[in-house]
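S.K.: I'd like to ask some things about the structure below.
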Amino acid sequence: MVPWLPGVLEMVLGNYKTCVSARSTDKEILKGAQDGGIVTQMFAFALEEGIIDGAIVAGSGDTPWKPEPMIATNRDELLAAMGTKYNICPNVSMIKEATRSYGLDKVGIVGTPCQMLAVRKGQLYPVGLRDVPDKIALALGIFCMENFPYQSLEMLVEDHCNVKMESAAKMDIGKGKFSVYTERGAVSQIPLKVTHKYEQPGCHVCLDYVANLADVSTGSVGSPDGWSTVFVRTKIGDDVWSRAADAGCFEVKPIEDVKPGLELVTKLATDKITKNQKTLEARATFGLRADGSPRGLRNPYL
Ligand code: FAD
Ligand code: SF4
């Protein structure tokens, strides 16, 4: 195979060394995390061990559910940023500040697949990010089918789910539904067919579901509730994951032992590529680029 032309399955799930189902063994993390607390647990371990000296995460910001990138340099700050915010949080924009203003030499960063692509491009072609290539110490990717502009999220939560943004304690997409949980324990759900028209249009040309370019990527799909599917992809990712698992940070099961397992991850990743490839082909007919991320760019840190 020509190295810069990934094979079909590699394109769907990316290169990985291992894939497991896992969850944090830390009860405090599990309680506030979106799924199995993989991201927060990995950063907490990496901070403790000096593998990173800070992590760029999606902080709460001033407006409910409108995240702002922040640099967490301790466990409390990591825990305060747990959970999924279904709108754009420009974490990549903090990289320069992390190295320059905060003086971090070993930066952790979490992001969606498109953000992992931006991180790798920044490392490979550091035109505007001259300090960065050697300072990204751990890049954690989160699966992503689509994202929403803030106004759209507000309409989904307030108008369709009848929950005030400030009363929402958790939001989740899964099993064909968008769900909003309130502080008082109520849940309001709408079918995903309602949410589609609110999606960020840029997401419709995105071909990466499982953050192919991350060191480790994770999402809920494929694993039972409260657990996460984890792809360990690069040498760095493998080193940090193995050390954290050996230190007892995670309960781990072979992905083959859980339902629905990799079959569903592969199906959803394939569905995303197939659907968005059509948008790309349509764009090509009016002269726009027809290649979507991350084809053509292999993870350089395998
Ligand atoms: P936690 O330990 O709770 O940590 C989550 C980390 O992600 C925190 O550091 C937080 O600050 C950061 N974060 C939260 N929101 C954002 C954001 N918008 N941008 C960047 N960083 C953020 N998983 C699936 O399995 N299938 C999907 O289709 C899917 N779609 C997603 C769409 C979006 C827009 C996002 C943001 C996430 C999506 N996920 C999806 C991932 C999933 O919701 C969880 O984020 C993931 O499983 C990690 O869970 P955890 O318990 O390990 O993370
Ligand atoms: Fe980024 Fe793609 Fe997710 Fe949209 S669907 S937020 S472009 S990774």
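Ordering of the structure tokens sets the chain letters (A, B, ...), residue numbers begin anew at 1 in every chain, and ligands are numbered from 1 in the order given.
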Around ligand 1, out to 6 Å and counting only C-alpha atoms and all ligand atoms, which residues are there? I want them as a PyMOL selection string.
M.R.: chain A and resi 33-40+57-59+81-89+110-112+142-147+218-221
S.K.: So which bits of stretch 128-258 of chain A end up strand (DSSP E or B) when you DSSP the backbone, as a ChimeraX atom specification?
M.R.: /A:136-142,168-174,177-182,187-191,216-219,228-232,250-254
S.K.: Write down as a ChimeraX atom specification the residues of stretch 171-219 of chain A whose backbone DSSP state falls under alpha helix (DSSP H).
M.R.: /A:192-195
S.K.: Need to verify the contact set: A:Val132, 10 Å, only C-alpha atoms, exclusion of same-chain residues closer than 3 positions in sequence. Can you return it as a list in words?
M.R.: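 So, after excluding close chain neighbours, the residues are Ile95, Lys96, Ala98, Thr99, Arg100, Asp105, Lys106, Val107, Val119, Gly122, Gln123, Leu124, Pro126, Gly128, Leu129, Lys135, Ile136 and Ala137 of chain A.
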S.K.: Convert the current residue selection to file output with all heavy atoms, as a short mmCIF file (atom, residue, chain, number, x, y, z; two decimals), in the first residue's frame.
M.R.:
data_model
loop_
_atom_site.label_atom_id
_atom_site.label_comp_id
_atom_site.auth_asym_id
_atom_site.auth_seq_id
_atom_site.Cartn_x
_atom_site.Cartn_y
_atom_site.Cartn_z
N ILE A 95 -2.96 26.89 22.43
CA ILE A 95 -1.66 26.20 22.47
C ILE A 95 -0.51 27.19 22.65
O ILE A 95 0.36 27.00 23.50
CB ILE A 95 -1.44 25.36 21.19
CG1 ILE A 95 -2.44 24.20 21.14
CG2 ILE A 95 -0.02 24.81 21.15
CD1 ILE A 95 -2.33 23.34 19.89
N LYS A 96 -0.55 28.26 21.87
CA LYS A 96 0.55 29.23 21.94
C LYS A 96 0.60 29.86 23.34
O LYS A 96 1.67 30.01 23.93
CB LYS A 96 0.29 30.32 20.91
CG LYS A 96 1.46 30.59 20.02
CD LYS A 96 1.02 31.68 19.08
CE LYS A 96 1.90 31.91 17.94
NZ LYS A 96 1.30 32.80 16.96
N ALA A 98 -0.45 28.55 26.05
CA ALA A 98 -0.01 27.55 27.04
C ALA A 98 1.51 27.53 27.12
O ALA A 98 2.10 27.45 28.21
CB ALA A 98 -0.53 26.17 26.65
N THR A 99 2.16 27.60 25.96
CA THR A 99 3.63 27.51 25.97
C THR A 99 4.26 28.86 26.32
O THR A 99 5.26 28.90 27.02
CB THR A 99 4.17 27.06 24.59
OG1 THR A 99 3.71 27.96 23.59
CG2 THR A 99 3.71 25.66 24.26
N ARG A 100 3.66 29.94 25.87
CA ARG A 100 4.30 31.25 26.09
C ARG A 100 3.84 31.89 27.40
O ARG A 100 4.64 32.09 28.30
CB ARG A 100 4.03 32.17 24.91
CG ARG A 100 4.68 31.58 23.66
CD ARG A 100 4.76 32.52 22.53
NE ARG A 100 5.29 31.82 21.36
CZ ARG A 100 5.17 32.23 20.13
NH1 ARG A 100 4.55 33.35 19.86
NH2 ARG A 100 5.68 31.52 19.13
N ASP A 105 5.97 23.38 29.22
CA ASP A 105 6.88 22.68 28.30
C ASP A 105 6.26 21.38 27.80
O ASP A 105 6.69 20.83 26.79
CB ASP A 105 8.20 22.35 29.00
CG ASP A 105 8.96 23.62 29.34
OD1 ASP A 105 8.99 24.52 28.48
OD2 ASP A 105 9.48 23.73 30.47
N LYS A 106 5.28 20.85 28.56
CA LYS A 106 4.67 19.57 28.20
C LYS A 106 3.15 19.76 28.27
O LYS A 106 2.56 19.75 29.35
CB LYS A 106 5.12 18.48 29.19
CG LYS A 106 6.62 18.17 29.06
CD LYS A 106 7.10 17.26 30.16
CE LYS A 106 7.38 17.99 31.45
NZ LYS A 106 7.90 17.18 32.53
N VAL A 107 2.57 19.94 27.09
CA VAL A 107 1.16 20.34 27.04
C VAL A 107 0.27 19.14 26.71
O VAL A 107 0.54 18.41 25.76
CB VAL A 107 0.96 21.43 25.94
CG1 VAL A 107 -0.50 21.86 25.85
CG2 VAL A 107 1.86 22.62 26.19
N VAL A 119 -3.98 20.12 15.45
CA VAL A 119 -2.78 19.97 16.29
C VAL A 119 -1.65 19.35 15.48
O VAL A 119 -0.51 19.83 15.48
CB VAL A 119 -3.09 19.08 17.53
CG1 VAL A 119 -1.81 18.68 18.26
CG2 VAL A 119 -4.04 19.79 18.49
N GLY A 122 -0.29 21.70 12.98
CA GLY A 122 0.54 22.69 13.68
C GLY A 122 1.92 22.14 14.02
O GLY A 122 2.91 22.86 14.04
N GLN A 123 1.97 20.83 14.30
CA GLN A 123 3.26 20.22 14.62
C GLN A 123 4.11 20.00 13.36
O GLN A 123 5.31 20.18 13.37
CB GLN A 123 3.05 18.88 15.33
CG GLN A 123 2.54 19.05 16.77
CD GLN A 123 2.32 17.72 17.45
OE1 GLN A 123 1.38 16.99 17.12
NE2 GLN A 123 3.18 17.39 18.38
N LEU A 124 3.41 19.61 12.28
CA LEU A 124 4.15 19.31 11.04
C LEU A 124 4.56 20.57 10.28
O LEU A 124 5.62 20.60 9.66
CB LEU A 124 3.29 18.43 10.12
CG LEU A 124 3.15 16.97 10.55
CD1 LEU A 124 2.20 16.24 9.61
CD2 LEU A 124 4.50 16.28 10.56
N PRO A 126 4.79 24.16 11.44
CA PRO A 126 4.56 25.11 12.56
C PRO A 126 4.80 26.57 12.19
O PRO A 126 5.47 27.29 12.89
CB PRO A 126 5.58 24.62 13.60
CG PRO A 126 6.66 23.98 12.80
CD PRO A 126 6.06 23.46 11.54
N GLY A 128 2.80 29.21 12.27
CA GLY A 128 2.37 30.14 13.32
C GLY A 128 2.55 29.58 14.71
O GLY A 128 2.15 30.19 15.68
N LEU A 129 3.08 28.38 14.83
CA LEU A 129 3.17 27.71 16.13
C LEU A 129 4.61 27.21 16.36
O LEU A 129 4.83 26.03 16.62
CB LEU A 129 2.19 26.52 16.19
CG LEU A 129 0.71 26.85 16.20
CD1 LEU A 129 -0.12 25.58 16.08
CD2 LEU A 129 0.31 27.58 17.48
N LYS A 135 6.31 20.38 22.14
CA LYS A 135 5.69 20.63 23.45
C LYS A 135 4.32 19.99 23.62
O LYS A 135 3.77 20.01 24.71
CB LYS A 135 5.63 22.13 23.71
CG LYS A 135 7.04 22.70 23.88
CD LYS A 135 7.08 24.09 24.43
CE LYS A 135 8.55 24.48 24.67
NZ LYS A 135 8.72 25.89 24.95
N ILE A 136 3.78 19.41 22.56
CA ILE A 136 2.53 18.66 22.73
C ILE A 136 2.92 17.29 23.28
O ILE A 136 3.49 16.45 22.58
CB ILE A 136 1.79 18.49 21.38
CG1 ILE A 136 1.42 19.85 20.77
CG2 ILE A 136 0.54 17.63 21.56
CD1 ILE A 136 0.36 20.65 21.50
N ALA A 137 2.61 17.07 24.54
CA ALA A 137 3.05 15.83 25.19
C ALA A 137 1.97 14.75 25.19
O ALA A 137 2.28 13.56 25.33
CB ALA A 137 3.48 16.14 26.63
#
S.K.: Which residues come within 7 Å of stretch 176-178 of chain A, counting only C-alpha atoms, excluding same-chain residues fewer than 4 positions away, as a compact mmCIF listing (two decimals) with all heavy atoms, in the first residue's frame?
M.R.:
# COMPACT_ATOMS: atom_id res chain seq x y z
N ASP A 172 -26.34 14.70 26.34
CA ASP A 172 -25.74 13.49 25.78
C ASP A 172 -26.42 13.15 24.46
O ASP A 172 -27.62 13.39 24.29
CB ASP A 172 -25.91 12.33 26.77
CG ASP A 172 -25.03 11.15 26.41
OD1 ASP A 172 -23.94 11.37 25.84
OD2 ASP A 172 -25.43 10.01 26.69
N GLN A 189 -35.84 14.35 26.20
CA GLN A 189 -35.18 13.76 25.03
C GLN A 189 -35.89 14.13 23.74
O GLN A 189 -37.12 14.25 23.72
CB GLN A 189 -35.17 12.24 25.15
CG GLN A 189 -34.37 11.75 26.33
CD GLN A 189 -34.30 10.24 26.39
OE1 GLN A 189 -35.34 9.58 26.28
NE2 GLN A 189 -33.11 9.71 26.57
N ILE A 190 -35.10 14.31 22.68
CA ILE A 190 -35.69 14.49 21.36
C ILE A 190 -34.96 13.58 20.37
O ILE A 190 -33.77 13.31 20.55
CB ILE A 190 -35.61 15.96 20.88
CG1 ILE A 190 -34.19 16.52 21.04
CG2 ILE A 190 -36.61 16.85 21.60
CD1 ILE A 190 -34.00 17.91 20.44
N PRO A 191 -35.67 13.11 19.35
CA PRO A 191 -34.99 12.24 18.37
C PRO A 191 -33.96 13.02 17.56
O PRO A 191 -34.13 14.23 17.32
CB PRO A 191 -36.13 11.75 17.47
CG PRO A 191 -37.30 12.60 17.76
CD PRO A 191 -37.09 13.31 19.06
N LEU A 192 -32.91 12.35 17.12
CA LEU A 192 -31.84 13.04 16.40
C LEU A 192 -32.31 13.65 15.09
O LEU A 192 -31.70 14.58 14.57
CB LEU A 192 -30.66 12.10 16.16
CG LEU A 192 -29.82 11.79 17.40
CD1 LEU A 192 -28.58 10.99 17.02
CD2 LEU A 192 -29.42 13.04 18.15
